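As provided, target_24.pdb (PDB, C-alpha atoms) reads as follows.
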```
ATOM      1  CA  MET A   1      -4.431 -12.335 -33.548  1.00  0.00           C
ATOM      2  CA  SER A   2      -6.762 -14.670 -35.415  1.00  0.00           C
ATOM      3  CA  GLY A   3      -6.541 -14.901 -39.218  1.00  0.00           C
ATOM      4  CA  GLN A   4     -10.343 -14.965 -39.362  1.00  0.00           C
ATOM      5  CA  PRO A   5     -12.324 -11.727 -39.932  1.00  0.00           C
ATOM      6  CA  PHE A   6     -14.277 -12.295 -36.712  1.00  0.00           C
ATOM      7  CA  GLN A   7     -14.331 -14.472 -33.603  1.00  0.00           C
ATOM      8  CA  VAL A   8     -17.131 -15.677 -31.336  1.00  0.00           C
ATOM      9  CA  ALA A   9     -16.872 -16.798 -27.717  1.00  0.00           C
ATOM     10  CA  SER A  10     -18.933 -17.032 -24.553  1.00  0.00           C
ATOM     11  CA  LEU A  11     -17.565 -15.913 -21.185  1.00  0.00           C
ATOM     12  CA  ALA A  12     -17.301 -19.593 -20.258  1.00  0.00           C
ATOM     13  CA  GLU A  13     -14.782 -20.079 -23.087  1.00  0.00           C
ATOM     14  CA  VAL A  14     -12.562 -17.166 -22.048  1.00  0.00           C
ATOM     15  CA  GLU A  15      -9.590 -17.821 -19.754  1.00  0.00           C
ATOM     16  CA  THR A  16     -10.841 -17.015 -16.269  1.00  0.00           C
ATOM     17  CA  PHE A  17      -8.848 -16.461 -13.102  1.00  0.00           C
ATOM     18  CA  ARG A  18     -10.638 -17.503  -9.925  1.00  0.00           C
ATOM     19  CA  GLY A  19      -9.621 -16.551  -6.410  1.00  0.00           C
ATOM     20  CA  GLU A  20     -10.940 -18.028  -3.173  1.00  0.00           C
ATOM     21  CA  ALA A  21     -12.643 -14.779  -2.121  1.00  0.00           C
ATOM     22  CA  ASN A  22     -12.499 -12.778  -5.337  1.00  0.00           C
ATOM     23  CA  PRO A  23     -14.799 -12.458  -8.348  1.00  0.00           C
ATOM     24  CA  ASP A  24     -14.003 -14.378 -11.508  1.00  0.00           C
ATOM     25  CA  TRP A  25     -11.913 -12.340 -13.944  1.00  0.00           C
ATOM     26  CA  HIS A  26     -12.584 -13.111 -17.617  1.00  0.00           C
ATOM     27  CA  ARG A  27      -9.581 -12.080 -19.761  1.00  0.00           C
ATOM     28  CA  ILE A  28     -11.489 -10.981 -22.840  1.00  0.00           C
ATOM     29  CA  ARG A  29      -8.785  -8.763 -24.337  1.00  0.00           C
ATOM     30  CA  VAL A  30      -6.198 -11.536 -24.165  1.00  0.00           C
ATOM     31  CA  HIS A  31      -8.650 -14.146 -25.482  1.00  0.00           C
ATOM     32  CA  PHE A  32      -9.328 -12.237 -28.701  1.00  0.00           C
ATOM     33  CA  GLY A  33      -5.877 -10.655 -29.014  1.00  0.00           C
ATOM     34  CA  ILE A  34      -7.344  -7.131 -28.912  1.00  0.00           C
ATOM     35  CA  THR A  35      -4.658  -4.458 -29.235  1.00  0.00           C
ATOM     36  CA  SER A  36      -6.612  -1.208 -29.674  1.00  0.00           C
ATOM     37  CA  PHE A  37      -8.524  -1.007 -26.380  1.00  0.00           C
ATOM     38  CA  GLY A  38      -8.816  -2.694 -23.009  1.00  0.00           C
ATOM     39  CA  VAL A  39     -11.773  -4.969 -22.277  1.00  0.00           C
ATOM     40  CA  ASN A  40     -12.395  -7.492 -19.511  1.00  0.00           C
ATOM     41  CA  ALA A  41     -15.294  -8.789 -17.431  1.00  0.00           C
ATOM     42  CA  TRP A  42     -15.808  -9.764 -13.818  1.00  0.00           C
ATOM     43  CA  THR A  43     -18.441 -12.095 -12.345  1.00  0.00           C
ATOM     44  CA  ALA A  44     -19.369 -12.242  -8.655  1.00  0.00           C
ATOM     45  CA  THR A  45     -19.262 -15.641  -6.982  1.00  0.00           C
ATOM     46  CA  GLU A  46     -21.337 -14.590  -3.952  1.00  0.00           C
ATOM     47  CA  PRO A  47     -23.712 -11.793  -2.872  1.00  0.00           C
ATOM     48  CA  GLY A  48     -22.086  -8.715  -1.368  1.00  0.00           C
ATOM     49  CA  GLN A  49     -18.769  -9.388  -3.086  1.00  0.00           C
ATOM     50  CA  GLN A  50     -16.564  -6.484  -4.157  1.00  0.00           C
ATOM     51  CA  LEU A  51     -16.945  -6.874  -7.917  1.00  0.00           C
ATOM     52  CA  ILE A  52     -14.891  -3.875  -9.040  1.00  0.00           C
ATOM     53  CA  GLY A  53     -12.297  -2.879  -6.483  1.00  0.00           C
ATOM     54  CA  ALA A  54     -12.389   0.755  -5.402  1.00  0.00           C
ATOM     55  CA  HIS A  55      -9.754   2.529  -7.493  1.00  0.00           C
ATOM     56  CA  ASP A  56      -8.901   5.422  -9.750  1.00  0.00           C
ATOM     57  CA  GLU A  57      -6.981   5.364 -13.020  1.00  0.00           C
ATOM     58  CA  VAL A  58      -4.101   7.624 -12.010  1.00  0.00           C
ATOM     59  CA  GLY A  59      -2.448   5.641  -9.208  1.00  0.00           C
ATOM     60  CA  GLY A  60       0.317   3.079  -9.373  1.00  0.00           C
ATOM     61  CA  GLY A  61      -0.502   0.311 -11.822  1.00  0.00           C
ATOM     62  CA  ALA A  62      -3.257   2.333 -13.505  1.00  0.00           C
ATOM     63  CA  GLY A  63      -3.427   3.174 -17.195  1.00  0.00           C
ATOM     64  CA  GLY A  64      -4.998   6.650 -17.095  1.00  0.00           C
ATOM     65  CA  HIS A  65      -8.098   5.201 -18.748  1.00  0.00           C
ATOM     66  CA  GLU A  66     -11.601   6.486 -19.167  1.00  0.00           C
ATOM     67  CA  GLU A  67     -13.849   3.478 -18.573  1.00  0.00           C
ATOM     68  CA  LEU A  68     -17.277   2.194 -19.564  1.00  0.00           C
ATOM     69  CA  TYR A  69     -18.928  -0.324 -17.244  1.00  0.00           C
ATOM     70  CA  VAL A  70     -21.834  -2.424 -18.546  1.00  0.00           C
ATOM     71  CA  VAL A  71     -23.806  -4.671 -16.193  1.00  0.00           C
ATOM     72  CA  ILE A  72     -24.570  -7.698 -18.363  1.00  0.00           C
ATOM     73  CA  ALA A  73     -26.177  -9.895 -15.679  1.00  0.00           C
ATOM     74  CA  GLY A  74     -27.448  -9.549 -12.126  1.00  0.00           C
ATOM     75  CA  ARG A  75     -27.440  -6.356 -10.059  1.00  0.00           C
ATOM     76  CA  ALA A  76     -24.665  -4.207  -8.622  1.00  0.00           C
ATOM     77  CA  ARG A  77     -24.214  -1.023  -6.656  1.00  0.00           C
ATOM     78  CA  PHE A  78     -21.568   1.293  -8.089  1.00  0.00           C
ATOM     79  CA  THR A  79     -19.983   4.066  -6.061  1.00  0.00           C
ATOM     80  CA  VAL A  80     -18.358   6.836  -8.104  1.00  0.00           C
ATOM     81  CA  GLU A  81     -16.806   9.766  -6.249  1.00  0.00           C
ATOM     82  CA  GLY A  82     -18.926   8.923  -3.221  1.00  0.00           C
ATOM     83  CA  GLU A  83     -22.228   8.744  -5.114  1.00  0.00           C
ATOM     84  CA  ASP A  84     -24.083   5.412  -5.141  1.00  0.00           C
ATOM     85  CA  VAL A  85     -25.706   4.175  -8.353  1.00  0.00           C
ATOM     86  CA  GLU A  86     -27.959   1.103  -8.375  1.00  0.00           C
ATOM     87  CA  ALA A  87     -27.202  -0.820 -11.554  1.00  0.00           C
ATOM     88  CA  PRO A  88     -29.420  -3.706 -12.704  1.00  0.00           C
ATOM     89  CA  ALA A  89     -28.575  -5.653 -15.880  1.00  0.00           C
ATOM     90  CA  GLY A  90     -28.448  -3.329 -18.872  1.00  0.00           C
ATOM     91  CA  THR A  91     -27.072  -0.344 -16.946  1.00  0.00           C
ATOM     92  CA  MET A  92     -24.076   1.489 -18.420  1.00  0.00           C
ATOM     93  CA  ILE A  93     -21.829   3.749 -16.345  1.00  0.00           C
ATOM     94  CA  PHE A  94     -19.191   5.838 -18.127  1.00  0.00           C
ATOM     95  CA  VAL A  95     -16.399   7.290 -15.980  1.00  0.00           C
ATOM     96  CA  SER A  96     -14.654   9.900 -18.107  1.00  0.00           C
ATOM     97  CA  ASP A  97     -12.345  11.323 -15.427  1.00  0.00           C
ATOM     98  CA  PRO A  98      -9.382   9.007 -14.743  1.00  0.00           C
ATOM     99  CA  ALA A  99      -8.990  10.613 -11.300  1.00  0.00           C
ATOM    100  CA  ALA A 100     -12.544   9.701 -10.234  1.00  0.00           C
ATOM    101  CA  ARG A 101     -12.626   6.955  -7.640  1.00  0.00           C
ATOM    102  CA  ARG A 102     -14.985   4.135  -8.558  1.00  0.00           C
ATOM    103  CA  GLY A 103     -15.959   0.626  -7.448  1.00  0.00           C
ATOM    104  CA  ALA A 104     -18.877  -1.809  -7.424  1.00  0.00           C
ATOM    105  CA  VAL A 105     -20.420  -4.402  -5.105  1.00  0.00           C
ATOM    106  CA  ALA A 106     -22.567  -7.263  -6.414  1.00  0.00           C
ATOM    107  CA  HIS A 107     -26.042  -7.685  -4.946  1.00  0.00           C
ATOM    108  CA  GLU A 108     -26.213 -11.318  -6.045  1.00  0.00           C
ATOM    109  CA  ALA A 109     -23.989 -14.161  -7.195  1.00  0.00           C
ATOM    110  CA  GLY A 110     -23.606 -14.307 -10.968  1.00  0.00           C
ATOM    111  CA  THR A 111     -23.581 -10.532 -11.398  1.00  0.00           C
ATOM    112  CA  SER A 112     -21.304  -9.769 -14.363  1.00  0.00           C
ATOM    113  CA  VAL A 113     -19.807  -6.451 -15.423  1.00  0.00           C
ATOM    114  CA  LEU A 114     -18.075  -5.797 -18.742  1.00  0.00           C
ATOM    115  CA  VAL A 115     -15.406  -3.072 -18.619  1.00  0.00           C
ATOM    116  CA  VAL A 116     -14.017  -1.252 -21.664  1.00  0.00           C
ATOM    117  CA  GLY A 117     -11.284   1.355 -21.327  1.00  0.00           C
ATOM    118  CA  GLY A 118      -8.515   3.340 -22.946  1.00  0.00           C
ATOM    119  CA  GLN A 119      -6.452   6.471 -22.445  1.00  0.00           C
ATOM    120  CA  PRO A 120      -7.957   9.479 -24.248  1.00  0.00           C
ATOM    121  CA  GLY A 121      -5.869  10.717 -27.159  1.00  0.00           C
ATOM    122  CA  GLU A 122      -3.241   7.991 -26.823  1.00  0.00           C
ATOM    123  CA  ALA A 123      -2.456   4.726 -28.575  1.00  0.00           C
ATOM    124  CA  PHE A 124      -3.581   1.808 -26.438  1.00  0.00           C
ATOM    125  CA  ALA A 125      -1.079   0.303 -24.027  1.00  0.00           C
ATOM    126  CA  VAL A 126      -1.756  -2.569 -21.649  1.00  0.00           C
ATOM    127  CA  SER A 127      -2.195  -1.318 -18.078  1.00  0.00           C
ATOM    128  CA  PRO A 128       0.689  -2.242 -15.757  1.00  0.00           C
ATOM    129  CA  TRP A 129      -1.644  -4.270 -13.523  1.00  0.00           C
ATOM    130  CA  GLU A 130      -2.814  -6.373 -16.472  1.00  0.00           C
ATOM    131  CA  GLY A 131       0.707  -6.791 -17.775  1.00  0.00           C
ATOM    132  CA  SER A 132       1.744  -8.474 -14.529  1.00  0.00           C
ATOM    133  CA  SER A 133      -1.359 -10.635 -14.189  1.00  0.00           C
ATOM    134  CA  ASP A 134       0.134 -13.865 -15.543  1.00  0.00           C
ATOM    135  CA  PHE A 135       1.357 -14.615 -12.021  1.00  0.00           C
ATOM    136  CA  LEU A 136      -2.267 -15.448 -11.123  1.00  0.00           C
ATOM    137  CA  ARG A 137      -1.915 -18.747 -12.968  1.00  0.00           C
ATOM    138  CA  TYR A 138       0.542 -19.811 -10.279  1.00  0.00           C
ATOM    139  CA  PHE A 139      -1.816 -18.691  -7.524  1.00  0.00           C
ATOM    140  CA  GLU A 140      -4.532 -20.915  -8.974  1.00  0.00           C
ATOM    141  CA  THR A 141      -2.206 -23.927  -8.904  1.00  0.00           C
ATOM    142  CA  LYS A 142      -0.685 -22.851  -5.547  1.00  0.00           C
ATOM    143  CA  GLU A 143       2.779 -22.745  -7.150  1.00  0.00           C
ATOM    144  CA  TYR A 144       3.733 -19.726  -5.092  1.00  0.00           C
ATOM    145  CA  ASP A 145       7.477 -20.129  -5.641  1.00  0.00           C
ATOM    146  CA  LYS A 146       6.901 -19.720  -9.384  1.00  0.00           C
ATOM    147  CA  ALA A 147       4.759 -16.634  -8.738  1.00  0.00           C
ATOM    148  CA  ILE A 148       7.577 -15.190  -6.634  1.00  0.00           C
ATOM    149  CA  GLU A 149      10.112 -15.823  -9.389  1.00  0.00           C
ATOM    150  CA  PHE A 150       7.839 -14.201 -11.998  1.00  0.00           C
ATOM    151  CA  LEU A 151       7.150 -11.092  -9.923  1.00  0.00           C
ATOM    152  CA  ARG A 152      10.775 -10.634  -8.903  1.00  0.00           C
ATOM    153  CA  GLY A 153      11.672 -10.708 -12.577  1.00  0.00           C
ATOM    154  CA  ARG A 154       9.204  -7.904 -13.262  1.00  0.00           C
ATOM    155  CA  LEU A 155      10.589  -5.852 -10.383  1.00  0.00           C
ATOM    156  CA  GLU A 156      14.070  -6.058 -11.858  1.00  0.00           C
ATOM    157  CA  THR A 157      12.690  -3.973 -14.736  1.00  0.00           C
ATOM    158  CA  ASN A 158      10.489  -1.685 -12.631  1.00  0.00           C
ATOM    159  CA  PRO A 159      11.489  -1.803  -8.949  1.00  0.00           C
ATOM    160  CA  SER A 160       8.935   0.889  -8.024  1.00  0.00           C
ATOM    161  CA  SER A 161       5.860  -0.996  -9.246  1.00  0.00           C
ATOM    162  CA  ALA A 162       3.520  -0.883  -6.254  1.00  0.00           C
ATOM    163  CA  GLY A 163       1.263  -3.569  -7.719  1.00  0.00           C
ATOM    164  CA  ASP A 164       4.095  -6.022  -8.328  1.00  0.00           C
ATOM    165  CA  LEU A 165       5.493  -5.396  -4.837  1.00  0.00           C
ATOM    166  CA  TYR A 166       2.080  -6.026  -3.303  1.00  0.00           C
ATOM    167  CA  ASN A 167       1.463  -9.207  -5.274  1.00  0.00           C
ATOM    168  CA  LEU A 168       4.949 -10.428  -4.410  1.00  0.00           C
ATOM    169  CA  ALA A 169       4.155  -9.872  -0.727  1.00  0.00           C
ATOM    170  CA  CYS A 170       0.972 -11.925  -1.133  1.00  0.00           C
ATOM    171  CA  ALA A 171       2.869 -14.769  -2.804  1.00  0.00           C
ATOM    172  CA  GLU A 172       5.562 -14.732  -0.117  1.00  0.00           C
ATOM    173  CA  SER A 173       2.934 -14.729   2.629  1.00  0.00           C
ATOM    174  CA  LEU A 174       1.255 -17.776   1.091  1.00  0.00           C
ATOM    175  CA  ALA A 175       4.635 -19.473   0.581  1.00  0.00           C
ATOM    176  CA  GLY A 176       5.580 -19.108   4.258  1.00  0.00           C
ATOM    177  CA  ARG A 177       8.155 -16.345   3.833  1.00  0.00           C
ATOM    178  CA  PRO A 178       6.892 -13.787   6.377  1.00  0.00           C
ATOM    179  CA  GLU A 179       9.937 -11.523   6.580  1.00  0.00           C
ATOM    180  CA  ASP A 180      10.148 -11.100   2.805  1.00  0.00           C
ATOM    181  CA  ALA A 181       6.382 -10.572   2.630  1.00  0.00           C
ATOM    182  CA  LEU A 182       6.412  -7.835   5.275  1.00  0.00           C
ATOM    183  CA  GLU A 183       9.280  -6.006   3.580  1.00  0.00           C
ATOM    184  CA  HIS A 184       7.658  -6.008   0.152  1.00  0.00           C
ATOM    185  CA  LEU A 185       4.260  -5.123   1.601  1.00  0.00           C
ATOM    186  CA  ARG A 186       5.774  -2.148   3.415  1.00  0.00           C
ATOM    187  CA  ARG A 187       7.349  -0.909   0.189  1.00  0.00           C
ATOM    188  CA  ALA A 188       4.072  -1.391  -1.698  1.00  0.00           C
ATOM    189  CA  VAL A 189       1.885   0.549   0.729  1.00  0.00           C
ATOM    190  CA  ASP A 190       4.470   3.339   0.943  1.00  0.00           C
ATOM    191  CA  LEU A 191       3.838   3.816  -2.779  1.00  0.00           C
ATOM    192  CA  SER A 192       0.035   3.394  -2.734  1.00  0.00           C
ATOM    193  CA  SER A 193      -2.499   4.233  -0.024  1.00  0.00           C
ATOM    194  CA  GLU A 194      -5.065   2.142  -1.935  1.00  0.00           C
ATOM    195  CA  LEU A 195      -2.930  -0.941  -1.347  1.00  0.00           C
ATOM    196  CA  LEU A 196      -2.722  -0.137   2.359  1.00  0.00           C
ATOM    197  CA  GLU A 197      -6.520  -0.216   2.449  1.00  0.00           C
ATOM    198  CA  LEU A 198      -6.670  -3.449   0.445  1.00  0.00           C
ATOM    199  CA  ALA A 199      -4.132  -5.159   2.687  1.00  0.00           C
ATOM    200  CA  GLN A 200      -6.397  -4.872   5.724  1.00  0.00           C
ATOM    201  CA  THR A 201      -8.825  -7.493   4.375  1.00  0.00           C
ATOM    202  CA  ASP A 202      -6.804  -9.452   1.796  1.00  0.00           C
ATOM    203  CA  SER A 203      -6.889 -13.115   2.826  1.00  0.00           C
ATOM    204  CA  ASP A 204      -3.590 -13.754   1.019  1.00  0.00           C
ATOM    205  CA  LEU A 205      -1.914 -11.804   3.837  1.00  0.00           C
ATOM    206  CA  ASP A 206      -3.613 -13.586   6.745  1.00  0.00           C
ATOM    207  CA  ALA A 207      -0.413 -15.447   7.642  1.00  0.00           C
ATOM    208  CA  ILE A 208       1.380 -12.174   8.478  1.00  0.00           C
ATOM    209  CA  ARG A 209      -1.564 -10.024   9.608  1.00  0.00           C
ATOM    210  CA  ASP A 210      -0.900 -10.403  13.348  1.00  0.00           C
ATOM    211  CA  HIS A 211       2.777  -9.504  13.039  1.00  0.00           C
ATOM    212  CA  PRO A 212       3.616  -6.217  14.814  1.00  0.00           C
ATOM    213  CA  ASP A 213       5.250  -4.899  11.627  1.00  0.00           C
ATOM    214  CA  PHE A 214       2.133  -5.424   9.506  1.00  0.00           C
ATOM    215  CA  PRO A 215       1.272  -1.983   8.038  1.00  0.00           C
ATOM    216  CA  ARG A 216      -1.964  -0.464   9.316  1.00  0.00           C
ATOM    217  CA  PRO A 217      -3.722   2.865   8.715  1.00  0.00           C
ATOM    218  CA  GLN A 218      -2.856   5.549  11.208  1.00  0.00           C
ATOM    219  CA  ALA A 219      -5.605   6.237  13.729  1.00  0.00           C
TER     220      ALA A 219
END
```
Could you write out this file's structure as structure tokens?
Amino acid sequence: MSGQPFQVASLAEVETFRGEANPDWHRIRVHFGITSFGVNAWTATEPGQQLIGAHDEVGGGAGGHEELYVVIAGRARFTVEGEDVEAPAGTMIFVSDPAARRGAVAHEAGTSVLVVGGQPGEAFAVSPWEGSSDFLRYFETKEYDKAIEFLRGRLETNPSSAGDLYNLACAESLAGRPEDALEHLRRAVDLSSELLELAQTDSDLDAIRDHPDFPRPQA
């Protein structure tokens, strides 16, 4: 935490994780050392990109948060519990029910969404998915062996973390360890149907996608 009474930063100054096919993730909470609520932002790198992945806040890796989404640039289409909401810059969408499924697709590159969240009636705790996110640094530098080591260390503490199992499978796929990747992916999707859906299009898993043991939705 800074010793100053306030801090100022632009999104460009905040640590940002960039994936080949994913939106930029701006780690606002970490940048400012915020400990009382969750806050991050995402920026689309191309039109039609999934800006906020379809999710709820009660599944594995979730924090049980109510969430406020603010479109700060561009245009997006949100889908909340099956209802579409067109959201140009300035639109705010508050999802009070942690069980409500929500997501957003960017209409144009440069669309940015600020997300603020916390668990009602509880002291703030970092969501499990955010707590494990440091492995993304190794994905950016393609140091997949280091990502594997980091995620295996987390699983020693919580072996039933669906998110960590899934990310470990991605790292192992990229590192050329197909058998390990398939095993950890199977365990992840057994714990989370959302991850089964994500796995069908995740480019990190392309190296193992054609394997007969790759998990697929039942027809």
- Query: Expanded to explicit residues, what is the PyMOL selection byres ((chain A and resi 47) around 7) for this file, as a list of chain:residue names?
  - Reply: A:Glu46, A:Gly48, A:Gln49, A:Ala106, A:His107, A:Glu108, A:Ala109
Keeping only C-alpha atoms, write those residues as an mmCIF file, keeping the file's coordinate frame.
```
data_model
loop_
_atom_site.group_PDB
_atom_site.id
_atom_site.type_symbol
_atom_site.label_atom_id
_atom_site.label_comp_id
_atom_site.auth_asym_id
_atom_site.auth_seq_id
_atom_site.Cartn_x
_atom_site.Cartn_y
_atom_site.Cartn_z
ATOM 1 C CA GLU A 46 -21.337 -14.590 -3.952
ATOM 2 C CA GLY A 48 -22.086 -8.715 -1.368
ATOM 3 C CA GLN A 49 -18.769 -9.388 -3.086
ATOM 4 C CA ALA A 106 -22.567 -7.263 -6.414
ATOM 5 C CA HIS A 107 -26.042 -7.685 -4.946
ATOM 6 C CA GLU A 108 -26.213 -11.318 -6.045
ATOM 7 C CA ALA A 109 -23.989 -14.161 -7.195
#
```
- Item | Among the residues A:Arg29, A:Arg209, A:Arg18, A:Arg77, the one that comes closest to Gly117 in chain A [using all atoms listed in the file] |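 Counting all atoms listed in the file, the residue closest to Gly117 in chain A is A:Arg29.
CA of Pro120 in chain A lies 23.7 Å from CA of Ala162 in chain A.
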- Query: Mind telling me what the PyMOL selection byres ((chain A and resi 12) around 12) catches here, as an MDAnalysis selection string?
  - Reply: chainID A and resid 8:11 13:17 24:28 31 41:43
- Taking the file as shown, find all residues satisfying the PyMOL selection byres ((chain A and resi 34) around 12) and write them as a PyMOL selection string. chain A and resi 1-2+6-7+27-33+35-40+116+124-126
Would you save the residues of that selection, restricted to C-alpha atoms, as a PDB file, keeping the file's coordinate frame?
```pdb
ATOM      1  CA  MET A   1      -4.431 -12.335 -33.548  1.00  0.00           C
ATOM      2  CA  SER A   2      -6.762 -14.670 -35.415  1.00  0.00           C
ATOM      3  CA  PHE A   6     -14.277 -12.295 -36.712  1.00  0.00           C
ATOM      4  CA  GLN A   7     -14.331 -14.472 -33.603  1.00  0.00           C
ATOM      5  CA  ARG A  27      -9.581 -12.080 -19.761  1.00  0.00           C
ATOM      6  CA  ILE A  28     -11.489 -10.981 -22.840  1.00  0.00           C
ATOM      7  CA  ARG A  29      -8.785  -8.763 -24.337  1.00  0.00           C
ATOM      8  CA  VAL A  30      -6.198 -11.536 -24.165  1.00  0.00           C
ATOM      9  CA  HIS A  31      -8.650 -14.146 -25.482  1.00  0.00           C
ATOM     10  CA  PHE A  32      -9.328 -12.237 -28.701  1.00  0.00           C
ATOM     11  CA  GLY A  33      -5.877 -10.655 -29.014  1.00  0.00           C
ATOM     12  CA  THR A  35      -4.658  -4.458 -29.235  1.00  0.00           C
ATOM     13  CA  SER A  36      -6.612  -1.208 -29.674  1.00  0.00           C
ATOM     14  CA  PHE A  37      -8.524  -1.007 -26.380  1.00  0.00           C
ATOM     15  CA  GLY A  38      -8.816  -2.694 -23.009  1.00  0.00           C
ATOM     16  CA  VAL A  39     -11.773  -4.969 -22.277  1.00  0.00           C
ATOM     17  CA  ASN A  40     -12.395  -7.492 -19.511  1.00  0.00           C
ATOM     18  CA  VAL A 116     -14.017  -1.252 -21.664  1.00  0.00           C
ATOM     19  CA  PHE A 124      -3.581   1.808 -26.438  1.00  0.00           C
ATOM     20  CA  ALA A 125      -1.079   0.303 -24.027  1.00  0.00           C
ATOM     21  CA  VAL A 126      -1.756  -2.569 -21.649  1.00  0.00           C
TER      22      VAL A 126
END
```
- Item | For CA of Gly103 in chain A and CA of Leu136 in chain A, the interatomic separation in Å (one decimal) |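 CA of Gly103 in chain A sits 21.4 Å away from CA of Leu136 in chain A.
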- Query: To one decimal place, how far is CA of Gln218 in chain A from CA of Leu165 in chain A in Å?
  - Reply: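 CA of Gln218 in chain A sits 21.1 Å away from CA of Leu165 in chain A.
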- Task: For the point (-2.8, 13.7, -15.6) in the file's frame, write as JSON, numbers by chain all residues with an atom no more than 9 Å away, counting only C-alpha atoms.
- Result: {"A": [58, 64, 98, 99]}
- Message: Given all atoms listed in the file as the basis, pick out the residue of A:Ile52, A:Met92, A:Leu68, A:Ala188 nearest to Ser160 in chain A.
- Response: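 Closest to Ser160 in chain A of all the choices is A:Ala188.
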- For Leu205 in chain A, which of A:Glu183, A:Glu172, A:Asp190, A:Asp56 is the closest residue, counting only C-alpha atoms?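 Answer, going by the shortest atom-to-atom distance: A:Glu172.
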Need the axis-aligned box for range 204-210 of chain A with 4 Å each side, so what are the centre and edges in Å to one decimal, as lines of an AutoDock Vina configuration file?
```
center_x = -1.1
center_y = -12.7
center_z = 7.2
size_x = 13.0
size_y = 13.4
size_z = 20.3
```
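Look at Phe94 in chain A: the protein and nucleic acid residues within 12 Å of it, using all atoms listed in the file and passing over chain neighbours fewer than 3 places away, are His65, Glu66, Glu67, Leu68, Tyr69, Val70, Val71, Phe78, Val80, Val85, Thr91, Asp97, Pro98, Ala100, Arg102, Leu114, Val115, Val116, Gly117 and Gly118 of chain A.
When all atoms listed in the file are used to measure the gap to Ser203 in chain A, the shortest distance among A:Gln4, A:Asn22, A:Ser133, A:Thr79 belongs to A:Asn22.
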Considering all atoms listed in the file, return as a PDB file with C-alpha atoms, in the coordinates of the input whatever protein or nucleic-acid residues lie within 7 Å of Gly63 in chain A, sequence-local ones (same chain, fewer than 6 positions apart) excluded.
```
ATOM      1  CA  GLU A  57      -6.981   5.364 -13.020  1.00  0.00           C
ATOM      2  CA  GLN A 119      -6.452   6.471 -22.445  1.00  0.00           C
ATOM      3  CA  SER A 127      -2.195  -1.318 -18.078  1.00  0.00           C
ATOM      4  CA  PRO A 128       0.689  -2.242 -15.757  1.00  0.00           C
TER       5      PRO A 128
END
```
- So which residues fall inside 9 Å of (0.2, -17.3, 6.1) if we count all atoms listed in the file? Mind giving them as a list of chain:residue names? A:Glu172, A:Ser173, A:Leu174, A:Ala175, A:Gly176, A:Arg177, A:Pro178, A:Ser203, A:Asp204, A:Leu205, A:Asp206, A:Ala207, A:Ile208, A:Arg209
- Give me the residues within 12 Å of Val189 in chain A as an MDAnalysis selection string, counting all atoms listed in the file and dropping any in the same chain fewer than 6 places off. chainID A and resid 59:60 160:167 169 182:183 195:200 214:217
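Distances to Thr45 in chain A were evaluated for A:Ser132, A:Thr111, A:Ser192, A:Thr201 using only C-alpha atoms, and the minimum falls at A:Thr111.
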- Smallest atom-to-atom distance to Val105 in chain A: which of A:Leu185, A:Gln50, A:Ala44, A:Ala87, using all atoms listed in the file?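 For Val105 in chain A, the nearest of the candidates is A:Gln50.
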